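Okay, my_file18.cif is below, mmCIF, C-alpha atoms:
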data_coords
#
loop_
_atom_site.label_atom_id
_atom_site.label_comp_id
_atom_site.auth_asym_id
_atom_site.auth_seq_id
_atom_site.Cartn_x
_atom_site.Cartn_y
_atom_site.Cartn_z
CA MET A 7 60.09 204.89 47.52
CA GLN A 8 58.35 205.87 44.29
CA ASN A 9 54.86 206.96 45.27
CA ALA A 10 51.99 208.11 43.07
CA GLU A 11 53.14 211.70 43.15
CA CYS A 12 56.56 210.70 41.90
CA ARG A 13 55.13 208.60 39.07
CA ASP A 14 52.85 211.41 38.02
CA SER A 15 55.83 213.74 37.82
CA ILE A 16 57.45 211.79 34.98
CA ASP A 17 58.20 214.23 32.21
CA THR A 18 58.13 212.75 28.71
CA LYS A 19 59.01 215.86 26.74
CA PRO A 20 61.02 215.49 23.55
CA LEU A 21 64.80 215.60 23.36
CA CYS A 22 64.86 218.23 20.64
CA LYS A 23 64.44 220.94 23.29
CA LEU A 24 67.11 220.85 25.96
CA HIS A 25 64.98 223.32 27.92
CA SER A 26 62.38 220.56 28.26
CA GLU A 27 60.63 222.31 31.09
CA VAL A 28 59.13 224.88 28.68
CA CYS A 29 57.70 222.34 26.25
CA GLY A 30 54.01 221.65 26.48
CA SER A 31 53.66 217.88 26.06
CA THR A 32 52.32 215.78 28.91
CA ALA A 33 53.26 212.43 30.40
CA PRO A 34 51.30 209.35 29.38
CA GLN A 35 48.66 208.18 31.83
CA PRO A 36 49.38 204.78 33.46
CA GLY A 37 45.94 203.49 32.51
CA ASP A 38 46.34 204.17 28.80
CA SER A 39 47.97 201.08 27.25
CA ALA A 40 48.42 202.79 23.87
CA GLN A 41 50.28 205.67 25.46
CA ALA A 42 52.28 203.23 27.59
CA GLY A 43 53.29 201.33 24.45
CA LYS A 44 54.33 204.55 22.76
CA SER A 45 56.36 205.52 25.81
CA LEU A 46 58.08 202.14 25.73
CA ARG A 47 59.01 202.49 22.06
CA MET A 48 60.37 205.97 22.60
CA GLY A 49 62.41 204.82 25.60
CA ILE A 50 63.90 201.90 23.66
CA LEU A 51 64.69 204.14 20.69
CA PHE A 52 66.40 206.74 22.87
CA CYS A 53 68.40 204.09 24.73
CA LEU A 54 69.53 202.48 21.46
CA ILE A 55 70.64 205.84 20.06
CA ALA A 56 72.49 206.56 23.31
CA THR A 57 74.22 203.18 23.10
CA PHE A 58 75.32 203.83 19.52
CA MET A 59 76.65 207.29 20.43
CA TYR A 60 78.60 205.87 23.39
CA SER A 61 80.04 203.18 21.12
CA CYS A 62 81.23 205.82 18.65
CA ALA A 63 82.83 207.71 21.54
CA ASN A 64 84.57 204.49 22.63
CA ILE A 65 86.16 204.19 19.17
CA CYS A 66 87.62 207.67 19.63
CA PHE A 67 88.86 206.69 23.10
CA LYS A 68 90.52 203.61 21.63
CA GLU A 69 92.33 205.77 19.07
CA LEU A 70 93.44 208.15 21.81
CA GLY A 71 94.67 205.16 23.82
CA LEU A 72 96.75 204.00 20.88
CA LEU A 73 98.34 207.45 20.86
CA ASN A 74 99.20 207.07 24.59
CA ILE A 75 97.19 210.13 25.62
CA ASP A 76 96.71 210.61 29.36
CA VAL A 77 93.31 209.11 30.24
CA ARG A 78 92.56 211.80 32.82
CA TRP A 79 93.16 214.55 30.26
CA THR A 80 90.91 212.74 27.78
CA LEU A 81 88.09 212.37 30.31
CA CYS A 82 88.43 215.97 31.50
CA ILE A 83 88.24 217.46 28.01
CA LYS A 84 85.52 215.02 26.94
CA GLU A 85 83.28 216.10 29.84
CA THR A 86 84.13 219.77 29.31
CA ILE A 87 82.72 219.56 25.76
CA CYS A 88 79.22 219.00 27.15
CA VAL A 89 79.58 221.85 29.65
CA VAL A 90 80.72 224.24 26.91
CA CYS A 91 77.94 223.24 24.51
CA VAL A 92 74.96 223.08 26.89
CA THR A 93 75.72 225.97 29.28
CA PRO A 94 74.92 228.65 26.65
CA VAL A 95 71.49 227.02 26.19
CA ILE A 96 70.85 227.27 29.91
CA LEU A 97 71.99 230.91 30.02
CA TYR A 98 69.88 231.81 26.99
CA TRP A 99 66.68 230.51 28.55
CA ALA A 100 67.63 231.90 31.96
CA ILE A 101 68.03 235.40 30.46
CA ARG A 102 64.61 235.04 28.87
CA ARG A 103 63.29 233.97 32.29
CA ARG A 104 61.96 230.72 30.91
CA TYR A 105 64.34 228.42 32.76
CA PHE A 106 63.26 226.49 35.85
CA TRP A 107 66.20 226.26 38.28
CA PRO A 108 66.22 223.15 40.49
CA THR A 109 66.29 223.35 44.25
CA TRP A 110 69.45 222.81 46.29
CA ARG A 111 68.09 219.46 47.41
CA TRP A 112 68.02 218.19 43.83
CA ILE A 113 71.40 219.70 43.04
CA VAL A 114 73.04 217.93 45.99
CA PHE A 115 71.16 214.71 45.16
CA LEU A 116 72.53 214.68 41.62
CA MET A 117 76.01 215.70 42.76
CA VAL A 118 76.16 212.57 44.91
CA GLY A 119 75.16 210.42 41.94
CA GLY A 120 77.66 212.13 39.66
CA PHE A 121 80.44 211.72 42.22
CA VAL A 122 79.71 208.00 42.54
CA CYS A 123 79.84 207.66 38.76
CA GLU A 124 82.94 209.71 38.06
CA PHE A 125 85.11 209.27 41.15
CA ILE A 126 84.32 205.60 41.86
CA GLY A 127 82.85 204.04 38.73
CA ALA A 128 85.02 205.64 36.04
CA ARG A 129 88.17 205.36 38.14
CA LEU A 130 87.72 201.65 38.87
CA HIS A 131 86.63 201.02 35.29
CA ILE A 132 89.85 202.49 33.93
CA TRP A 133 91.93 200.67 36.54
CA ALA A 134 90.26 197.34 35.75
CA ILE A 135 90.90 197.77 32.02
CA GLY A 136 94.57 198.45 32.71
CA THR A 137 94.81 195.49 35.10
CA ILE A 138 92.90 192.64 33.45
CA GLY A 139 92.11 194.08 30.03
CA LEU A 140 88.96 195.11 28.19
CA VAL A 141 87.96 191.58 27.16
CA VAL A 142 87.46 190.43 30.75
CA SER A 143 86.55 193.69 32.49
CA LEU A 144 83.73 194.82 30.16
CA PRO A 145 81.55 191.67 30.49
CA LEU A 146 82.02 191.69 34.27
CA LEU A 147 81.09 195.36 34.46
CA GLN A 148 78.04 194.96 32.22
CA ALA A 149 76.76 191.95 34.17
CA ALA A 150 77.16 193.69 37.54
CA ASN A 151 75.61 196.87 36.18
CA MET A 152 72.57 195.11 34.74
CA VAL A 153 71.79 192.98 37.79
CA CYS A 154 72.38 195.74 40.35
CA SER A 155 70.44 198.35 38.36
CA THR A 156 67.44 196.04 38.30
CA SER A 157 67.68 195.30 42.03
CA ILE A 158 68.27 198.89 43.13
CA GLY A 159 65.56 200.19 40.80
CA HIS A 160 63.09 197.73 42.30
CA VAL A 161 64.00 198.54 45.92
CA PHE A 162 64.40 202.32 45.77
CA LEU A 163 62.18 203.31 42.83
CA GLY A 164 59.50 200.66 43.21
CA GLU A 165 59.95 199.51 39.61
CA ARG A 166 58.27 196.18 38.90
CA VAL A 167 60.20 193.83 36.64
CA GLY A 168 57.92 191.59 34.59
CA LYS A 169 58.47 187.98 33.59
CA ARG A 170 59.71 188.77 30.10
CA CYS A 171 62.15 191.28 31.53
CA ARG A 172 63.56 188.63 33.87
CA VAL A 173 63.84 186.14 31.00
CA ALA A 174 65.64 188.77 28.93
CA MET A 175 68.08 189.34 31.78
CA VAL A 176 68.97 185.63 31.86
CA VAL A 177 69.50 185.67 28.09
CA MET A 178 71.69 188.79 28.38
CA LEU A 179 73.81 187.21 31.10
CA MET A 180 74.31 184.16 28.86
CA ALA A 181 75.34 186.50 26.04
CA ILE A 182 77.82 188.28 28.29
CA GLY A 183 79.28 184.91 29.26
CA CYS A 184 79.87 184.10 25.59
CA PHE A 185 82.08 187.16 25.18
CA PHE A 186 84.58 185.69 27.65
CA PHE A 187 85.50 183.21 24.90
CA ARG A 188 86.46 185.76 22.26
CA PRO A 189 89.84 185.20 20.57
CA THR A 190 92.81 186.72 22.35
CA HIS A 191 95.88 188.13 20.67
CA PRO A 192 98.95 185.96 21.47
CA ASP A 193 100.74 188.86 23.14
CA ALA A 194 97.70 189.66 25.29
CA GLU A 195 97.29 185.97 26.16
CA GLN A 196 100.91 185.72 27.25
CA ALA A 197 100.59 188.87 29.33
CA ALA A 198 97.42 187.53 30.95
CA GLN A 199 99.21 184.33 31.93
CA GLN A 200 101.84 186.39 33.70
CA LEU A 201 99.27 188.11 35.88
CA ALA A 202 99.35 187.01 39.49
CA GLY A 203 96.18 185.40 40.78
CA ASN A 204 95.61 188.18 43.33
CA ILE A 205 95.97 190.90 40.69
CA LEU A 206 93.50 189.10 38.43
CA LEU A 207 91.07 188.75 41.33
CA LEU A 208 91.43 192.40 42.32
CA GLY A 209 90.94 193.52 38.73
CA GLY A 210 87.75 191.47 38.50
CA ILE A 211 86.49 192.91 41.78
CA GLY A 212 87.29 196.39 40.51
CA ALA A 213 85.24 195.81 37.35
CA VAL A 214 82.30 194.48 39.37
CA VAL A 215 82.43 197.40 41.85
CA ALA A 216 82.59 199.82 38.91
CA GLY A 217 79.45 198.19 37.51
CA VAL A 218 77.71 198.56 40.88
CA ALA A 219 78.76 202.23 41.07
CA TYR A 220 77.39 202.86 37.57
CA SER A 221 74.10 201.17 38.51
CA ILE A 222 73.74 203.42 41.57
CA TYR A 223 74.41 206.44 39.38
CA ILE A 224 71.83 205.29 36.80
CA VAL A 225 69.19 205.03 39.54
CA PHE A 226 70.09 208.55 40.70
CA LEU A 227 69.79 209.70 37.09
CA ARG A 228 66.42 207.98 36.64
CA ARG A 229 65.05 209.54 39.82
CA SER A 230 66.32 213.00 38.86
CA SER A 231 65.19 212.86 35.24
CA ASN A 232 61.67 211.84 36.29
CA SER A 233 61.21 215.09 38.18
CA ARG A 234 60.16 218.32 36.49
CA GLN A 235 62.40 220.03 39.04
CA MET A 236 65.52 218.77 37.21
CA PRO A 237 65.79 220.04 33.60
CA ILE A 238 67.70 217.79 31.22
CA SER A 239 70.17 220.52 30.40
CA PHE A 240 71.00 221.10 34.06
CA ILE A 241 71.49 217.36 34.69
CA ALA A 242 73.89 217.14 31.74
CA VAL A 243 75.99 220.13 32.81
CA GLU A 244 76.15 219.16 36.48
CA VAL A 245 77.21 215.54 35.94
CA THR A 246 79.76 216.27 33.22
CA GLY A 247 81.01 219.27 35.19
CA ILE A 248 81.77 217.01 38.15
CA GLY A 249 83.78 214.70 35.88
CA ALA A 250 85.68 217.59 34.31
CA VAL A 251 86.65 218.97 37.73
CA ILE A 252 87.68 215.61 39.22
CA PHE A 253 89.84 214.43 36.31
CA GLY A 254 91.08 217.93 35.50
CA LEU A 255 92.38 218.48 39.04
CA GLU A 256 94.07 215.07 39.04
CA PHE A 257 95.78 215.82 35.73
CA LEU A 258 96.85 219.31 36.81
CA ARG A 259 98.13 217.98 40.14
CA ASP A 260 100.68 215.87 38.29
CA HIS A 261 101.64 218.93 36.21
CA SER A 262 102.21 221.26 39.17
CA PHE A 263 98.77 222.85 38.59
CA GLN A 264 99.85 224.54 35.37
CA ILE A 265 96.61 225.33 33.57
CA SER A 266 98.43 225.59 30.25
CA ALA A 267 99.23 221.86 30.50
CA LEU A 268 95.63 221.19 29.41
CA TRP A 269 96.27 222.52 25.89
CA GLU A 270 100.05 222.62 25.38
CA ASP A 271 101.75 220.11 23.08
CA ILE A 272 98.45 218.65 21.89
CA SER A 273 98.40 217.76 18.20
CA PRO A 274 95.44 218.66 15.94
CA GLN A 275 94.71 214.95 15.47
CA VAL A 276 94.30 214.46 19.23
CA TRP A 277 92.06 217.51 19.50
CA ARG A 278 89.84 216.22 16.68
CA LEU A 279 89.49 212.83 18.34
CA VAL A 280 88.72 214.16 21.81
CA VAL A 281 86.22 216.73 20.49
CA MET A 282 84.46 214.01 18.49
CA ALA A 283 84.44 211.77 21.57
CA GLY A 284 82.99 214.61 23.64
CA LEU A 285 80.24 215.35 21.12
CA PHE A 286 79.29 211.68 20.76
CA ASN A 287 79.27 211.31 24.54
CA MET A 288 77.17 214.46 25.01
CA VAL A 289 74.51 213.38 22.51
CA GLY A 290 74.49 209.88 23.98
CA PHE A 291 74.08 211.28 27.49
CA LEU A 292 71.15 213.49 26.50
CA PHE A 293 69.40 210.57 24.80
CA GLN A 294 70.12 208.37 27.81
CA ILE A 295 68.50 210.86 30.18
CA ASN A 296 65.42 210.99 27.97
CA GLY A 297 65.36 207.22 27.62
CA LEU A 298 65.28 206.86 31.40
CA ARG A 299 62.22 209.12 31.46
CA TYR A 300 60.34 206.67 29.30
CA THR A 301 61.41 203.23 30.49
CA LEU A 302 62.62 201.18 33.44
CA VAL A 303 66.19 201.23 34.66
CA ALA A 304 66.36 197.46 34.11
CA ARG A 305 65.26 197.73 30.49
CA ALA A 306 67.59 200.64 29.77
CA GLN A 307 70.59 198.79 31.19
CA MET A 308 69.81 195.61 29.26
CA ILE A 309 69.69 197.63 26.06
CA SER A 310 73.08 199.14 26.94
CA VAL A 311 74.59 195.64 26.68
CA SER A 312 74.32 196.11 22.91
CA GLN A 313 77.46 198.24 23.23
CA ILE A 314 79.32 194.94 23.11
CA ILE A 315 77.68 194.11 19.77
CA ILE A 316 78.51 197.49 18.28
CA GLY A 317 82.04 197.26 19.65
CA THR A 318 82.45 193.83 18.06
CA ILE A 319 81.18 195.03 14.68
CA PHE A 320 83.39 198.12 14.79
CA GLY A 321 86.35 195.96 15.75
CA VAL A 322 85.80 193.65 12.79
CA LEU A 323 85.20 196.47 10.29
CA PHE A 324 87.86 198.98 11.34
CA TYR A 325 90.46 197.02 13.31
CA TYR A 326 90.22 193.65 11.56
CA GLU A 327 89.77 191.85 14.86
CA THR A 328 89.14 188.12 14.74
CA THR A 329 85.97 186.49 16.01
CA ASN A 330 84.72 182.98 16.65
CA ALA A 331 81.44 181.10 17.00
CA MET A 332 81.04 182.06 20.67
CA ILE A 333 81.28 185.76 19.84
CA TRP A 334 78.52 185.52 17.26
CA LEU A 335 76.45 183.38 19.62
CA GLY A 336 76.81 186.18 22.19
CA VAL A 337 75.73 188.72 19.57
CA THR A 338 72.71 186.58 18.67
CA LEU A 339 71.70 186.15 22.31
CA THR A 340 72.05 189.89 22.91
CA VAL A 341 69.75 190.67 19.97
CA LEU A 342 67.31 188.05 21.27
CA GLY A 343 67.43 189.57 24.75
CA ILE A 344 66.75 193.06 23.41
CA GLY A 345 63.82 191.66 21.42
CA ILE A 346 62.35 190.01 24.52
CA VAL A 347 62.77 193.01 26.80
CA SER A 348 61.30 195.30 24.14
CA THR A 349 58.03 193.38 23.81
CA PRO A 350 56.36 193.07 27.24
CA SER A 351 52.72 192.10 27.51
CA LYS A 352 50.14 194.85 28.05
CA ARG A 353 49.62 193.70 31.62
CA GLU A 354 53.34 193.77 32.41
CA LEU A 355 53.72 197.13 30.70
CA LEU A 356 51.02 198.76 32.82
CA LEU A 357 52.32 197.15 36.01
CA GLU A 358 55.83 198.46 35.30
CA ARG A 359 54.52 201.98 35.13
#

Using structure tokens, write down the structure that the file contains.
Amino acid sequence: MQNAECRDSIDTKPLCKLHSEVCGSTAPQPGDSAQAGKSLRMGILFCLIATFMYSCANICFKELGLLNIDVRWTLCIKETICVVCVTPVILYWAIRRRYFWPTWRWIVFLMVGGFVCEFIGARLHIWAIGTIGLVVSLPLLQAANMVCSTSIGHVFLGERVGKRCRVAMVVMLMAIGCFFFRPTHPDAEQAAQQLAGNILLLGGIGAVVAGVAYSIYIVFLRRSSNSRQMPISFIAVEVTGIGAVIFGLEFLRDHSFQISALWEDISPQVWRLVVMAGLFNMVGFLFQINGLRYTLVARAQMISVSQIIIGTIFGVLFYYETTNAMIWLGVTLTVLGIGIVSTPSKRELLLER
């Protein structure tokens, strides 16, 4: 589905200007291997920064979970942070008549992707965590996300996955498998043993379906971000706005649609955590959008597996979680996989573009 016109429309303008449509840089030409290599490095860098930002946001979410804060409220406020921060930028450039508004076709296209992510992916992700736990659900989700993103990107975007990229995927899947053997707290192990087989199966299916939903959303995001008709700032506000509306309405529904329920009886500590989570998530999202402008969906999703590494390191440093040899083997394989996927041959690099 990705023809020459689509590939030529890839916008590689820097992240520092959210109004990227007014910046003057140009996309690298497919025939220029030096420019292609530079594009690859920028894409990897942006994806790594996005992964780190998302991991920092996850730490805040974990703290909010320990405080028994309603997940829907957390997600609503977290998404609202991006809307509040980026909308003034859009309005500023719109007033100066230097903002390029997307067409309705692109708006609807991105709304569908955002709905799949927020209403299906995030919902099933949260349900799977509550059903079978983070230890099992996260590797399943990451594996499904990585494989499906590669397949869908190849079919619908015409992205060619080189040999080294395929090898890196196998290494990443092996790394994900290692994380199934991480140590389990005795209480969690006892609770897991009490789970009925059907519940465990359904929770696993939920995690896999969530991964598939996220992969579909990532392909939508890649296709939208590659068009000059979809400014980065507009993508960020539309997607996060959809999440804020969905989770906000669900939260308010259970509170008789009292708007004041969104800010009443919320301690300063909770507000600090959710604002930090929202800011980390916003910066990560902006870097992710830019990363997808520079590199393949498959490569971006393989790099996102490093969230497990960062989560493991954070867990050891801040929560004194225990590890074993399999965990560190998984970390090593993940680093190896990122190294492989980040160093394609010149021929593969030009073919991928």

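Atom pair CA of Ile126 (chain A) / CA of Val215 (chain A): separated by 8.4 Å.
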
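The smallest atom-to-atom distance between Glu256 (chain A) and any of A:Cys88, A:Cys82, A:Ile101, A:Leu342, using all atoms listed in the file, is found for A:Cys82.
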
**Request:** Evaluate the PyMOL selection byres ((chain A and resi 58) around 9) and record the selected residues as a list in words, following the chain and residue labels used in the document.
**Result:** Cys53, Leu54, Ile55, Ala56, Thr57, Met59, Tyr60, Ser61, Cys62, Ala63, Phe286, Gly290, Ser312, Gln313 and Ile316 of chain A

Keeping only C-alpha atoms, write the selected residues as a PDB file, in the frame of the given file.
ATOM      1  CA  CYS A  53      68.400 204.090  24.730  1.00  0.00           C
ATOM      2  CA  LEU A  54      69.530 202.480  21.460  1.00  0.00           C
ATOM      3  CA  ILE A  55      70.640 205.840  20.060  1.00  0.00           C
ATOM      4  CA  ALA A  56      72.490 206.560  23.310  1.00  0.00           C
ATOM      5  CA  THR A  57      74.220 203.180  23.100  1.00  0.00           C
ATOM      6  CA  MET A  59      76.650 207.290  20.430  1.00  0.00           C
ATOM      7  CA  TYR A  60      78.600 205.870  23.390  1.00  0.00           C
ATOM      8  CA  SER A  61      80.040 203.180  21.120  1.00  0.00           C
ATOM      9  CA  CYS A  62      81.230 205.820  18.650  1.00  0.00           C
ATOM     10  CA  ALA A  63      82.830 207.710  21.540  1.00  0.00           C
ATOM     11  CA  PHE A 286      79.290 211.680  20.760  1.00  0.00           C
ATOM     12  CA  GLY A 290      74.490 209.880  23.980  1.00  0.00           C
ATOM     13  CA  SER A 312      74.320 196.110  22.910  1.00  0.00           C
ATOM     14  CA  GLN A 313      77.460 198.240  23.230  1.00  0.00           C
ATOM     15  CA  ILE A 316      78.510 197.490  18.280  1.00  0.00           C
TER      16      ILE A 316
END

Could you work out an axis-aligned bounding box for all listed atoms of region 221-232 of chain A, with 6 Å added on each of the six sides, and give its centre and edge lengths in Å to one decimal, as JSON?
{"center_x": 68.0, "center_y": 207.1, "center_z": 38.4, "size_x": 24.7, "size_y": 23.8, "size_z": 18.3}

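Restricting the calculation to all atoms listed in the file, the smallest distance between Ile224 (chain A) and any of A:Ala306, A:Leu97, A:Cys171, A:Val281 is found for A:Ala306.
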
**Message:** My list of candidates is A:Asn330, A:Asn151, A:Met236, A:Ser273. Which is closest to Met175 (chain A) when distances are computed with all atoms listed in the file?
**Reply:** A:Asn151

If I only have part of region 87-112 of chain A, can you fill in N, CA and C atoms and write it as an mmCIF file, in the coordinates of the input?
data_model
loop_
_atom_site.group_PDB
_atom_site.id
_atom_site.type_symbol
_atom_site.label_atom_id
_atom_site.label_comp_id
_atom_site.auth_asym_id
_atom_site.auth_seq_id
_atom_site.Cartn_x
_atom_site.Cartn_y
_atom_site.Cartn_z
ATOM 1 N N ILE A 87 83.430 219.288 27.009
ATOM 2 C CA ILE A 87 82.720 219.560 25.760
ATOM 3 C C ILE A 87 81.226 219.760 26.021
ATOM 4 N N CYS A 88 80.648 218.890 26.842
ATOM 5 C CA CYS A 88 79.220 219.000 27.150
ATOM 6 C C CYS A 88 78.922 220.295 27.903
ATOM 7 N N VAL A 89 79.776 220.621 28.879
ATOM 8 C CA VAL A 89 79.580 221.850 29.650
ATOM 9 C C VAL A 89 79.598 223.068 28.736
ATOM 10 N N VAL A 90 80.565 223.096 27.820
ATOM 11 C CA VAL A 90 80.720 224.240 26.910
ATOM 12 C C VAL A 90 79.538 224.348 25.950
ATOM 13 N N CYS A 91 79.024 223.218 25.487
ATOM 14 C CA CYS A 91 77.940 223.240 24.510
ATOM 15 C C CYS A 91 76.575 223.525 25.123
ATOM 16 N N VAL A 92 76.309 222.986 26.310
ATOM 17 C CA VAL A 92 74.960 223.080 26.890
ATOM 18 C C VAL A 92 74.777 224.319 27.759
ATOM 19 N N THR A 93 75.853 224.798 28.406
ATOM 20 C CA THR A 93 75.720 225.970 29.280
ATOM 21 C C THR A 93 75.134 227.189 28.576
ATOM 22 N N PRO A 94 75.553 227.508 27.330
ATOM 23 C CA PRO A 94 74.920 228.650 26.650
ATOM 24 C C PRO A 94 73.410 228.491 26.485
ATOM 25 N N VAL A 95 72.938 227.248 26.304
ATOM 26 C CA VAL A 95 71.490 227.020 26.190
ATOM 27 C C VAL A 95 70.800 227.383 27.492
ATOM 28 N N ILE A 96 71.415 226.948 28.605
ATOM 29 C CA ILE A 96 70.850 227.270 29.910
ATOM 30 C C ILE A 96 70.816 228.787 30.133
ATOM 31 N N LEU A 97 71.915 229.456 29.822
ATOM 32 C CA LEU A 97 71.990 230.910 30.020
ATOM 33 C C LEU A 97 70.979 231.644 29.141
ATOM 34 N N TYR A 98 70.823 231.163 27.915
ATOM 35 C CA TYR A 98 69.880 231.810 26.990
ATOM 36 C C TYR A 98 68.464 231.789 27.564
ATOM 37 N N TRP A 99 68.031 230.611 28.017
ATOM 38 C CA TRP A 99 66.680 230.510 28.550
ATOM 39 C C TRP A 99 66.560 231.162 29.920
ATOM 40 N N ALA A 100 67.665 231.212 30.664
ATOM 41 C CA ALA A 100 67.630 231.900 31.960
ATOM 42 C C ALA A 100 67.455 233.406 31.752
ATOM 43 N N ILE A 101 68.152 233.970 30.759
ATOM 44 C CA ILE A 101 68.030 235.400 30.460
ATOM 45 C C ILE A 101 66.586 235.727 30.034
ATOM 46 N N ARG A 102 65.995 234.820 29.309
ATOM 47 C CA ARG A 102 64.610 235.040 28.870
ATOM 48 C C ARG A 102 63.598 234.684 29.959
ATOM 49 N N ARG A 103 64.104 234.306 31.117
ATOM 50 C CA ARG A 103 63.290 233.970 32.290
ATOM 51 C C ARG A 103 62.313 232.831 31.993
ATOM 52 N N ARG A 104 62.772 231.883 31.225
ATOM 53 C CA ARG A 104 61.960 230.720 30.910
ATOM 54 C C ARG A 104 62.676 229.440 31.345
ATOM 55 N N TYR A 105 63.599 229.577 32.283
ATOM 56 C CA TYR A 105 64.340 228.420 32.760
ATOM 57 C C TYR A 105 63.965 228.142 34.210
ATOM 58 N N PHE A 106 63.661 226.880 34.495
ATOM 59 C CA PHE A 106 63.260 226.490 35.850
ATOM 60 C C PHE A 106 64.480 225.940 36.578
ATOM 61 N N TRP A 107 65.018 226.703 37.540
ATOM 62 C CA TRP A 107 66.200 226.260 38.280
ATOM 63 C C TRP A 107 65.797 225.250 39.353
ATOM 64 N N PRO A 108 66.546 224.157 39.462
ATOM 65 C CA PRO A 108 66.220 223.150 40.490
ATOM 66 C C PRO A 108 66.556 223.646 41.882
ATOM 67 N N THR A 109 65.996 222.992 42.870
ATOM 68 C CA THR A 109 66.290 223.350 44.250
ATOM 69 C C THR A 109 67.640 222.786 44.669
ATOM 70 N N TRP A 110 68.163 223.285 45.781
ATOM 71 C CA TRP A 110 69.450 222.810 46.290
ATOM 72 C C TRP A 110 69.391 221.327 46.630
ATOM 73 N N ARG A 111 68.228 220.885 47.069
ATOM 74 C CA ARG A 111 68.090 219.460 47.410
ATOM 75 C C ARG A 111 68.361 218.587 46.200
ATOM 76 N N TRP A 112 67.802 218.971 45.045
ATOM 77 C CA TRP A 112 68.020 218.190 43.830
ATOM 78 C C TRP A 112 69.447 218.324 43.329
#
